[in-house]
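Shown next: query_0.tsv, containing TSV, C-alpha atoms.
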chain	number	residue	atom	x	y	z
A	1	MET	CA	-9.04	37.93	3.15
A	2	PHE	CA	-8.49	34.27	4.04
A	3	ARG	CA	-5.40	32.37	2.94
A	4	VAL	CA	-4.92	28.72	2.04
A	5	ASN	CA	-2.30	26.39	3.49
A	6	GLU	CA	0.69	27.21	1.28
A	7	ASN	CA	2.15	23.72	1.70
A	8	TYR	CA	-0.59	22.42	-0.59
A	9	LEU	CA	0.56	24.81	-3.29
A	10	LYS	CA	3.99	23.16	-3.27
A	11	LEU	CA	2.59	19.88	-4.64
A	12	PRO	CA	3.87	19.48	-8.21
A	13	GLY	CA	1.49	18.68	-11.07
A	14	SER	CA	-1.49	16.40	-10.48
A	15	TYR	CA	-1.86	13.10	-8.67
A	16	LEU	CA	-0.32	10.23	-10.68
A	17	PHE	CA	-3.46	8.17	-11.14
A	18	SER	CA	-5.57	11.21	-12.02
A	19	THR	CA	-3.16	11.95	-14.86
A	20	ILE	CA	-3.37	8.36	-16.07
A	21	GLY	CA	-7.18	8.46	-15.93
A	22	LYS	CA	-7.34	11.65	-18.02
A	23	LYS	CA	-4.98	10.24	-20.63
A	24	VAL	CA	-6.86	6.95	-20.91
A	25	ASN	CA	-10.28	8.62	-21.07
A	26	ALA	CA	-9.10	10.97	-23.82
A	27	TYR	CA	-7.68	8.06	-25.82
A	28	ALA	CA	-10.84	5.97	-25.38
A	29	ALA	CA	-13.04	8.88	-26.48
A	30	ALA	CA	-10.93	9.37	-29.62
A	31	HIS	CA	-10.78	5.64	-30.41
A	32	PRO	CA	-14.16	4.15	-29.44
A	33	GLU	CA	-13.52	1.12	-31.63
A	34	GLU	CA	-10.58	-0.02	-29.50
A	35	THR	CA	-10.89	-2.14	-26.35
A	36	VAL	CA	-8.54	-0.77	-23.72
A	37	ILE	CA	-7.30	-3.21	-21.06
A	38	ARG	CA	-6.46	-1.50	-17.77
A	39	LEU	CA	-3.66	-2.98	-15.71
A	40	GLY	CA	-2.67	0.31	-14.12
A	41	ILE	CA	-4.55	1.04	-10.91
A	42	GLY	CA	-4.38	-1.60	-8.19
A	43	ASP	CA	-8.13	-2.17	-7.93
A	44	VAL	CA	-9.52	-5.67	-7.50
A	45	THR	CA	-11.96	-7.16	-10.02
A	46	GLN	CA	-13.23	-10.35	-8.37
A	47	PRO	CA	-16.49	-10.18	-6.39
A	48	LEU	CA	-16.43	-10.28	-2.60
A	49	PRO	CA	-16.05	-13.74	-1.02
A	50	PRO	CA	-19.37	-15.49	-0.19
A	51	ALA	CA	-18.57	-15.52	3.55
A	52	VAL	CA	-18.22	-11.74	3.46
A	53	ILE	CA	-21.46	-11.28	1.53
A	54	ALA	CA	-23.32	-13.47	4.02
A	55	ALA	CA	-21.91	-11.45	6.94
A	56	LEU	CA	-22.99	-8.21	5.28
A	57	HIS	CA	-26.55	-9.49	4.89
A	58	ARG	CA	-26.71	-10.60	8.53
A	59	ALA	CA	-25.38	-7.24	9.70
A	60	VAL	CA	-27.85	-5.31	7.53
A	61	ASP	CA	-30.69	-7.33	9.05
A	62	GLU	CA	-29.39	-6.41	12.51
A	63	MET	CA	-29.39	-2.73	11.57
A	64	GLY	CA	-33.06	-3.03	10.61
A	65	ASN	CA	-34.00	-4.34	14.06
A	66	ALA	CA	-34.42	-1.90	16.96
A	67	ALA	CA	-32.99	-4.48	19.40
A	68	THR	CA	-29.77	-5.01	17.42
A	69	PHE	CA	-29.28	-1.61	15.75
A	70	HIS	CA	-25.80	-0.04	15.97
A	71	GLY	CA	-24.86	3.65	15.72
A	72	TYR	CA	-21.40	5.13	16.03
A	73	ALA	CA	-18.64	2.55	16.19
A	74	PRO	CA	-16.18	2.57	19.13
A	75	ASP	CA	-13.13	4.77	18.50
A	76	LEU	CA	-10.73	1.87	18.07
A	77	GLY	CA	-13.21	-0.37	16.28
A	78	TYR	CA	-15.50	-3.13	17.53
A	79	GLU	CA	-13.79	-5.58	19.84
A	80	PHE	CA	-15.05	-8.59	17.86
A	81	LEU	CA	-13.00	-7.44	14.86
A	82	ARG	CA	-9.93	-6.29	16.77
A	83	LYS	CA	-9.86	-9.61	18.64
A	84	ALA	CA	-10.03	-11.55	15.36
A	85	ILE	CA	-7.23	-9.42	13.94
A	86	ALA	CA	-5.00	-9.84	17.00
A	87	GLU	CA	-5.46	-13.60	17.11
A	88	ASN	CA	-5.15	-14.37	13.39
A	89	ASP	CA	-2.79	-11.77	11.97
A	90	PHE	CA	-0.37	-11.51	14.88
A	91	GLN	CA	-0.67	-13.97	17.75
A	92	ALA	CA	-0.88	-16.90	15.31
A	93	ARG	CA	2.52	-15.78	13.97
A	94	GLY	CA	4.04	-15.41	17.42
A	95	CYS	CA	3.68	-11.62	17.54
A	96	LYS	CA	2.59	-10.02	20.80
A	97	ILE	CA	-0.08	-7.54	19.72
A	98	ASP	CA	-2.98	-6.73	22.05
A	99	VAL	CA	-6.51	-5.73	21.10
A	100	ASP	CA	-6.06	-2.16	22.36
A	101	GLU	CA	-3.06	-1.67	20.07
A	102	ILE	CA	-5.23	-2.11	16.96
A	103	PHE	CA	-7.07	0.87	15.44
A	104	VAL	CA	-9.71	0.06	12.83
A	105	SER	CA	-10.21	2.57	10.01
A	106	ASP	CA	-11.73	2.93	6.54
A	107	GLY	CA	-8.50	2.57	4.58
A	108	ALA	CA	-4.74	2.13	4.77
A	109	LYS	CA	-4.32	5.00	2.31
A	110	SER	CA	-5.95	7.33	4.83
A	111	ASP	CA	-3.90	5.93	7.70
A	112	SER	CA	-0.62	6.20	5.79
A	113	ALA	CA	-1.39	9.86	5.06
A	114	ASN	CA	-2.70	10.71	8.53
A	115	ILE	CA	-0.19	8.93	10.76
A	116	GLN	CA	2.38	11.69	10.17
A	117	GLU	CA	0.17	14.12	12.12
A	118	ILE	CA	1.34	12.79	15.49
A	119	PHE	CA	5.02	13.54	14.76
A	120	ALA	CA	6.87	16.82	15.27
A	121	ALA	CA	6.60	19.38	12.47
A	122	ASP	CA	10.37	19.27	11.85
A	123	SER	CA	10.57	15.47	11.62
A	124	ARG	CA	12.79	14.22	8.79
A	125	ILE	CA	11.39	11.42	6.64
A	126	ALA	CA	13.13	8.67	4.66
A	127	VAL	CA	11.37	6.84	1.83
A	128	CYS	CA	12.20	4.07	-0.56
A	129	ASP	CA	12.58	5.30	-4.15
A	130	PRO	CA	10.41	4.41	-6.04
A	131	VAL	CA	7.75	5.17	-3.43
A	132	TYR	CA	3.96	5.10	-3.01
A	133	PRO	CA	3.25	8.84	-3.62
A	134	VAL	CA	0.95	9.27	-0.60
A	135	TYR	CA	3.86	8.97	1.84
A	136	VAL	CA	5.68	11.97	0.41
A	137	ASP	CA	2.64	14.07	-0.56
A	138	SER	CA	1.12	13.90	2.93
A	139	ASN	CA	4.39	15.17	4.39
A	140	VAL	CA	4.53	17.92	1.77
A	141	MET	CA	1.10	19.01	3.04
A	142	ALA	CA	2.56	19.06	6.56
A	143	GLY	CA	5.47	21.28	5.48
A	144	ARG	CA	8.29	18.79	6.19
A	145	THR	CA	9.77	18.25	2.77
A	146	GLY	CA	11.65	21.46	1.93
A	147	ILE	CA	12.07	22.73	-1.63
A	148	TYR	CA	11.03	20.77	-4.71
A	149	ASP	CA	13.60	20.32	-7.51
A	150	ALA	CA	11.69	19.82	-10.75
A	151	ALA	CA	14.81	18.63	-12.58
A	152	THR	CA	15.38	15.69	-10.23
A	153	GLU	CA	11.76	15.42	-9.00
A	154	THR	CA	12.98	15.32	-5.39
A	155	TRP	CA	12.41	17.30	-2.20
A	156	SER	CA	15.39	18.84	-0.41
A	157	ASP	CA	14.49	17.61	3.09
A	158	VAL	CA	13.44	14.07	2.13
A	159	ILE	CA	15.96	11.24	2.40
A	160	TYR	CA	15.54	9.06	-0.70
A	161	MET	CA	16.70	5.44	-0.51
A	162	PRO	CA	17.11	4.15	-4.08
A	163	CYS	CA	15.69	0.70	-4.80
A	164	THR	CA	17.07	-0.44	-8.13
A	165	ALA	CA	18.03	-3.60	-9.96
A	166	GLU	CA	21.62	-3.03	-8.81
A	167	ASN	CA	20.69	-3.46	-5.12
A	168	GLY	CA	17.91	-5.98	-5.71
A	169	PHE	CA	15.31	-3.28	-4.97
A	170	VAL	CA	16.27	-3.47	-1.30
A	171	PRO	CA	17.09	-0.07	0.25
A	172	GLU	CA	20.32	0.56	2.08
A	173	LEU	CA	20.29	2.02	5.59
A	174	PRO	CA	20.29	5.82	5.27
A	175	LYS	CA	23.55	7.69	5.83
A	176	GLU	CA	21.63	10.61	7.34
A	177	ARG	CA	19.47	9.95	10.38
A	178	PRO	CA	15.71	10.26	9.73
A	179	ASP	CA	12.93	10.47	12.30
A	180	MET	CA	10.36	8.52	10.27
A	181	ILE	CA	11.17	5.69	7.85
A	182	TYR	CA	8.50	4.52	5.41
A	183	LEU	CA	8.86	0.89	4.33
A	184	CYS	CA	6.36	-1.00	2.16
A	185	PHE	CA	7.02	-4.73	1.67
A	186	PRO	CA	5.97	-6.57	-0.40
A	187	ASN	CA	6.70	-3.36	-2.23
A	188	ASN	CA	4.38	-1.18	-4.24
A	189	PRO	CA	5.41	-0.60	-7.01
A	190	THR	CA	8.39	-2.97	-7.52
A	191	GLY	CA	6.74	-6.12	-6.15
A	192	GLU	CA	9.97	-7.08	-4.38
A	193	THR	CA	10.39	-8.11	-0.73
A	194	LEU	CA	12.66	-8.13	2.31
A	195	THR	CA	13.75	-11.30	4.07
A	196	LYS	CA	13.25	-11.48	7.82
A	197	ALA	CA	16.99	-10.95	8.36
A	198	GLN	CA	16.94	-7.84	6.15
A	199	LEU	CA	13.92	-6.42	7.98
A	200	GLN	CA	15.58	-7.17	11.34
A	201	GLU	CA	18.46	-4.89	10.27
A	202	TRP	CA	15.99	-2.04	9.85
A	203	VAL	CA	14.41	-2.69	13.24
A	204	ASP	CA	17.84	-2.74	14.89
A	205	TYR	CA	18.79	0.48	13.10
A	206	ALA	CA	15.56	2.25	14.13
A	207	ASN	CA	15.98	1.28	17.78
A	208	ARG	CA	19.64	2.28	17.74
A	209	GLU	CA	19.04	5.66	16.09
A	210	GLY	CA	15.71	6.53	17.73
A	211	CYS	CA	13.61	6.38	14.54
A	212	VAL	CA	10.09	5.14	13.87
A	213	ILE	CA	9.40	2.74	11.02
A	214	ILE	CA	6.00	3.10	9.37
A	215	PHE	CA	5.61	-0.36	7.85
A	216	ASP	CA	3.00	-0.76	5.12
A	217	ALA	CA	2.04	-4.45	4.96
A	218	ALA	CA	-0.94	-4.03	2.60
A	219	TYR	CA	0.22	-6.90	0.37
A	220	GLU	CA	1.24	-9.47	2.98
A	221	ALA	CA	-1.48	-11.91	1.84
A	222	TYR	CA	0.44	-12.40	-1.43
A	223	ILE	CA	3.62	-13.67	0.22
A	224	SER	CA	4.42	-17.21	-0.92
A	225	GLN	CA	8.04	-17.70	0.12
A	226	GLU	CA	9.00	-18.94	3.57
A	227	ASP	CA	11.59	-16.39	4.67
A	228	ILE	CA	9.48	-13.29	3.95
A	229	PRO	CA	7.90	-11.78	7.10
A	230	HIS	CA	4.18	-10.99	7.01
A	231	SER	CA	4.52	-8.48	9.85
A	232	ILE	CA	7.35	-6.32	11.13
A	233	TYR	CA	6.47	-7.57	14.62
A	234	GLU	CA	7.99	-10.92	13.68
A	235	CYS	CA	11.29	-9.08	14.24
A	236	GLU	CA	12.74	-8.74	17.73
A	237	GLY	CA	12.44	-5.22	19.11
A	238	ALA	CA	9.84	-4.00	16.62
A	239	ARG	CA	7.36	-3.07	19.35
A	240	THR	CA	9.58	-0.16	20.42
A	241	CYS	CA	10.15	1.30	16.95
A	242	ALA	CA	7.42	0.34	14.48
A	243	ILE	CA	3.87	1.15	13.41
A	244	GLU	CA	2.20	-1.25	11.00
A	245	LEU	CA	-0.51	-0.51	8.42
A	246	ARG	CA	-2.84	-3.25	7.12
A	247	SER	CA	-5.65	-3.25	4.56
A	248	PHE	CA	-8.62	-5.46	3.72
A	249	SER	CA	-8.69	-4.02	0.19
A	250	LYS	CA	-6.16	-6.25	-1.53
A	251	ASN	CA	-6.36	-9.42	0.57
A	252	ALA	CA	-10.18	-9.62	0.73
A	253	GLY	CA	-11.38	-7.36	-2.09
A	254	PHE	CA	-12.71	-4.56	0.15
A	255	THR	CA	-11.79	-1.66	-2.17
A	256	GLY	CA	-15.50	-0.84	-2.43
A	257	LEU	CA	-16.25	-1.48	1.27
A	258	ARG	CA	-13.28	0.36	2.84
A	259	LEU	CA	-11.70	-1.29	5.87
A	260	ALA	CA	-8.19	-1.30	7.31
A	261	TYR	CA	-6.32	-1.01	10.59
A	262	THR	CA	-3.15	0.42	12.07
A	263	VAL	CA	-1.13	-1.14	14.88
A	264	VAL	CA	0.57	1.21	17.36
A	265	PRO	CA	2.21	-0.75	20.20
A	266	LYS	CA	2.04	0.67	23.72
A	267	ASP	CA	5.82	0.18	24.01
A	268	LEU	CA	6.39	2.80	21.30
A	269	LYS	CA	7.31	6.12	22.96
A	270	ASP	CA	9.13	9.28	21.96
A	271	GLU	CA	12.31	10.65	23.55
A	272	ASN	CA	10.24	12.16	26.37
A	273	GLY	CA	8.35	8.95	27.09
A	274	VAL	CA	5.14	10.08	25.36
A	275	SER	CA	3.05	7.11	24.18
A	276	LEU	CA	2.29	7.14	20.45
A	277	ASN	CA	-0.54	4.69	21.12
A	278	ALA	CA	-2.24	7.28	23.32
A	279	LEU	CA	-1.66	10.07	20.79
A	280	TRP	CA	-3.07	8.04	17.91
A	281	ALA	CA	-6.05	7.07	20.07
A	282	ARG	CA	-6.72	10.76	20.72
A	283	ARG	CA	-6.35	11.68	17.07
A	284	HIS	CA	-8.55	8.74	16.03
A	285	GLY	CA	-11.29	9.69	18.48
A	286	THR	CA	-11.17	13.37	17.56
A	287	LYS	CA	-11.20	13.10	13.76
A	288	TYR	CA	-12.91	9.81	12.99
A	289	ASN	CA	-16.31	8.27	13.71
A	290	GLY	CA	-15.42	4.68	12.89
A	291	ALA	CA	-15.89	2.20	10.06
A	292	PRO	CA	-19.53	1.10	9.60
A	293	TYR	CA	-20.78	-1.76	11.74
A	294	ILE	CA	-21.80	-3.82	8.72
A	295	VAL	CA	-18.33	-3.44	7.18
A	296	GLN	CA	-16.60	-4.46	10.42
A	297	ARG	CA	-18.81	-7.57	10.58
A	298	ALA	CA	-17.73	-8.29	7.01
A	299	GLY	CA	-14.13	-7.93	8.15
A	300	GLU	CA	-14.73	-10.39	10.97
A	301	ALA	CA	-15.98	-12.93	8.39
A	302	VAL	CA	-12.61	-12.77	6.66
A	303	TYR	CA	-11.13	-14.67	9.62
A	304	THR	CA	-13.63	-17.55	9.62
A	305	PRO	CA	-12.45	-20.86	8.14
A	306	GLU	CA	-14.73	-20.28	5.15
A	307	GLY	CA	-13.50	-16.74	4.72
A	308	GLN	CA	-9.84	-17.75	4.89
A	309	ALA	CA	-10.33	-20.48	2.27
A	310	GLN	CA	-12.18	-18.11	-0.06
A	311	ILE	CA	-9.54	-15.41	0.32
A	312	ARG	CA	-6.73	-17.86	-0.44
A	313	GLU	CA	-8.61	-18.76	-3.62
A	314	MET	CA	-9.01	-15.08	-4.53
A	315	VAL	CA	-5.34	-14.31	-3.93
A	316	GLY	CA	-4.41	-17.43	-5.89
A	317	ARG	CA	-6.32	-16.18	-8.91
A	318	TYR	CA	-4.55	-12.84	-8.86
A	319	MET	CA	-1.19	-14.52	-8.45
A	320	LYS	CA	-1.99	-16.72	-11.44
A	321	ASN	CA	-2.35	-13.47	-13.37
A	322	ALA	CA	0.94	-12.20	-11.95
A	323	SER	CA	2.71	-15.38	-13.02
A	324	TYR	CA	1.31	-15.07	-16.54
A	325	ILE	CA	2.47	-11.46	-16.81
A	326	LEU	CA	5.91	-12.24	-15.36
A	327	ASN	CA	6.60	-15.27	-17.54
A	328	GLY	CA	4.98	-13.85	-20.66
A	329	LEU	CA	7.07	-10.69	-20.56
A	330	LYS	CA	10.22	-12.69	-19.86
A	331	GLU	CA	9.50	-14.75	-22.98
A	332	ALA	CA	9.11	-11.50	-24.91
A	333	GLY	CA	12.57	-10.39	-23.79
A	334	TYR	CA	11.61	-7.86	-21.14
A	335	GLU	CA	13.59	-7.40	-17.93
A	336	VAL	CA	10.97	-8.03	-15.23
A	337	TYR	CA	10.76	-8.18	-11.42
A	338	GLY	CA	8.15	-8.85	-8.73
A	339	GLY	CA	5.12	-11.03	-9.39
A	340	VAL	CA	6.13	-13.81	-6.94
A	341	ASN	CA	5.19	-12.40	-3.53
A	342	SER	CA	3.18	-9.51	-4.91
A	343	PRO	CA	0.41	-8.74	-7.42
A	344	TYR	CA	2.69	-6.21	-9.14
A	345	VAL	CA	5.15	-6.79	-11.96
A	346	TRP	CA	7.86	-4.18	-12.45
A	347	LEU	CA	9.47	-4.09	-15.88
A	348	LYS	CA	12.32	-2.22	-17.49
A	349	THR	CA	11.17	-0.09	-20.41
A	350	PRO	CA	12.69	-1.14	-23.74
A	351	ASP	CA	15.07	0.95	-25.86
A	352	GLN	CA	15.69	3.52	-23.12
A	353	MET	CA	12.12	4.82	-23.40
A	354	THR	CA	11.04	7.05	-20.55
A	355	SER	CA	8.24	5.55	-18.51
A	356	TRP	CA	5.68	8.02	-19.94
A	357	GLU	CA	6.88	7.32	-23.49
A	358	PHE	CA	6.32	3.62	-22.83
A	359	PHE	CA	2.89	4.41	-21.34
A	360	ASP	CA	1.87	6.19	-24.56
A	361	TYR	CA	3.42	3.46	-26.71
A	362	LEU	CA	1.51	0.67	-24.93
A	363	LEU	CA	-1.74	2.61	-25.00
A	364	GLU	CA	-1.52	3.47	-28.69
A	365	LYS	CA	-0.05	0.24	-30.04
A	366	ALA	CA	-1.40	-2.44	-27.67
A	367	HIS	CA	-4.31	-0.56	-26.02
A	368	VAL	CA	-2.98	-1.64	-22.62
A	369	VAL	CA	-2.73	0.67	-19.60
A	370	GLY	CA	-0.04	0.42	-16.94
A	371	THR	CA	1.62	2.86	-14.56
A	372	PRO	CA	4.73	4.88	-15.47
A	373	GLY	CA	7.49	4.22	-12.96
A	374	SER	CA	8.60	7.86	-12.82
A	375	GLY	CA	5.32	8.65	-11.06
A	376	PHE	CA	6.71	6.78	-8.04
A	377	GLY	CA	9.96	8.74	-7.84
A	378	PRO	CA	13.28	9.36	-9.64
A	379	SER	CA	14.46	5.75	-9.42
A	380	GLY	CA	11.24	4.68	-11.13
A	381	GLU	CA	12.24	6.28	-14.41
A	382	HIS	CA	12.69	3.74	-17.23
A	383	TYR	CA	10.48	1.30	-15.32
A	384	PHE	CA	6.78	0.46	-15.59
A	385	ARG	CA	4.24	-1.25	-13.32
A	386	LEU	CA	1.57	-3.73	-14.37
A	387	THR	CA	-0.99	-5.11	-11.91
A	388	ALA	CA	-2.40	-8.61	-11.65
A	389	PHE	CA	-5.83	-7.42	-10.50
A	390	GLY	CA	-7.54	-7.75	-13.88
A	391	THR	CA	-9.50	-10.77	-15.00
A	392	TYR	CA	-7.47	-13.73	-16.23
A	393	GLU	CA	-8.91	-13.34	-19.73
A	394	ASN	CA	-7.92	-9.67	-19.91
A	395	THR	CA	-4.50	-10.40	-18.43
A	396	VAL	CA	-3.78	-13.04	-21.07
A	397	GLN	CA	-4.99	-10.75	-23.84
A	398	ALA	CA	-2.93	-7.82	-22.55
A	399	VAL	CA	0.28	-9.85	-22.35
A	400	ASP	CA	-0.32	-11.37	-25.79
A	401	ARG	CA	-0.80	-7.87	-27.21
A	402	ILE	CA	2.46	-6.70	-25.67
A	403	LYS	CA	4.32	-9.79	-26.94
A	404	ALA	CA	3.03	-9.06	-30.44
A	405	LEU	CA	4.55	-5.56	-30.56

Now, as a test, write the supplied structure out as structure tokens.
Amino acid sequence: MFRVNENYLKLPGSYLFSTIGKKVNAYAAAHPEETVIRLGIGDVTQPLPPAVIAALHRAVDEMGNAATFHGYAPDLGYEFLRKAIAENDFQARGCKIDVDEIFVSDGAKSDSANIQEIFAADSRIAVCDPVYPVYVDSNVMAGRTGIYDAATETWSDVIYMPCTAENGFVPELPKERPDMIYLCFPNNPTGETLTKAQLQEWVDYANREGCVIIFDAAYEAYISQEDIPHSIYECEGARTCAIELRSFSKNAGFTGLRLAYTVVPKDLKDENGVSLNALWARRHGTKYNGAPYIVQRAGEAVYTPEGQAQIREMVGRYMKNASYILNGLKEAGYEVYGGVNSPYVWLKTPDQMTSWEFFDYLLEKAHVVGTPGSGFGPSGEHYFRLTAFGTYENTVQAVDRIKAL
């Protein structure tokens, strides 16, 4: 009789956002007269920018013409998109990233889960706490995380780096040496950031200790302050120790189109001199057939002058929401963080409520949905995440409902 991969059986409970969805759907079914405002999942609500829509139409017309039809995409992605990425996201910021170091995919979530495949089975991981659950869960599936302790909601072989109000939500360098370090800044869920000097410390540490940093820069488009790096490759030495993940979902509204990319520099090699760029290229070519041509043309349009202007406007609207949430909750007496360089606001639950108690309280009393902080890790307990991706009208109404409690 066949057997399943037992690592999957180690995963505790259900996925965070599935649990939220079930709770909200049950409440909505029992209270059809109430209007529930959802500020939990980080999904965009504004329509795609006009430049992107126009590019999609042009690409669809090409696909309907025998002379311009396109089938499978190249393994790494079409050169027109990778060239636009290299020039605009990296070279324009003084980062030396070449076209053949960029791997186009259909989502940063997939890349963040799959990148661990190219590392040794006994690799030790370090994660910020709270943490985007995919980082840990994908390593659980790979068998790297040891034994789960339900009381502390931690894994024995994972190095947790607490990010709390006491340390400004900036992790300290780990006392134990990891092989892989997951960093996400601007951070999901706290909304906080690292300065360039702080990130340089991590790069120096990784090079000194022989670690790899997996740097999730999905929210870089929301950075507004000068000293916050948009890419880890702005730091000296990052090419020999860092992989960077990027997404078109949050900066350009591609959650329904699916497009992202991962950067693996050719200078990044293991202790035996094996190129991670070559390994990821092999994995990419073996397990992936490429993002659709029409979607990659849409991605290219993001980098046109029109596309850049429209995206800045889109991001500005979401950050207007973030500002309203941040300031409104401050006025109501809540302890709040984030919301300046990020579309997420991280708030302390009142009266020592657990994060799930506050979730139920908000849903029942204000009919507002957020995300319990404990779903992101032990240090997330007694915190709660709200997103700025709703409409402005719904955001204002949600905050006003919370202030009225």

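Distance annotation: of A:Ile311, A:Met353, A:Val399, A:Leu268, the residue with the minimal separation from Ala332 of chain A is A:Val399; atom set is all atoms listed in the file.
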
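Minimum atom-to-atom distance to Thr349 of chain A, evaluated using only C-alpha atoms, belongs to A:His382 out of A:Leu362, A:Met63, A:His382, A:Leu326.
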
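The shortest atom-to-atom distance to Glu201 of chain A, with only C-alpha atoms taken into account, belongs to A:Glu236 out of A:Glu176, A:Glu33, A:Glu236, A:Glu6.
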
(Q) Within 6 Å of (-8.6, -1.4, -23.6) (file coordinates; all atoms listed in the file), which protein or nucleic acid residues are there? I'd like them as a ChimeraX atom specification. (A) /A:35-37,367-368

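The space between atom CA of Val99 of chain A and atom CA of Glu306 of chain A spans 23.1 Å.
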
Q | A:Phe389, A:Pro292, A:Phe90, A:Lys83 ranked by distance to Phe69 of chain A, top pick (using only C-alpha atoms) | A |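 Checking each of A:Phe389, A:Pro292, A:Phe90, A:Lys83 against Phe69 of chain A, counting only C-alpha atoms, the winner is A:Pro292.
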
**Q.** Atomic distance atom CA of Asn5 of chain A - atom CA of Asn289 of chain A, expressed in Å with one decimal
**A.**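 Straight-line distance from atom CA of Asn5 of chain A to atom CA of Asn289 of chain A works out to 25.1 Å.
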
**Q.** Residues within 8 Å of Ser374 of chain A, only C-alpha atoms, excluding chain neighbours under 6 positions, as a ChimeraX atom specification
**A.** /A:130,355-356,380-383

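When only C-alpha atoms are used to measure the gap to Gly339 of chain A, the shortest distance among A:Val369, A:Ala67, A:Leu56, A:Ala388 belongs to A:Ala388.
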
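With all atoms listed in the file as the basis for measurement, A:Glu313 is the residue among A:Glu234, A:Asp137, A:Asp149, A:Glu313 that approaches Gly253 of chain A most closely.
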
Q: Please measure the separation of atom CA of Leu11 of chain A and atom CA of Tyr182 of chain A, giving the value in Å to one decimal.
A: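 Calculated distance between atom CA of Leu11 of chain A and atom CA of Tyr182 of chain A is 19.3 Å.
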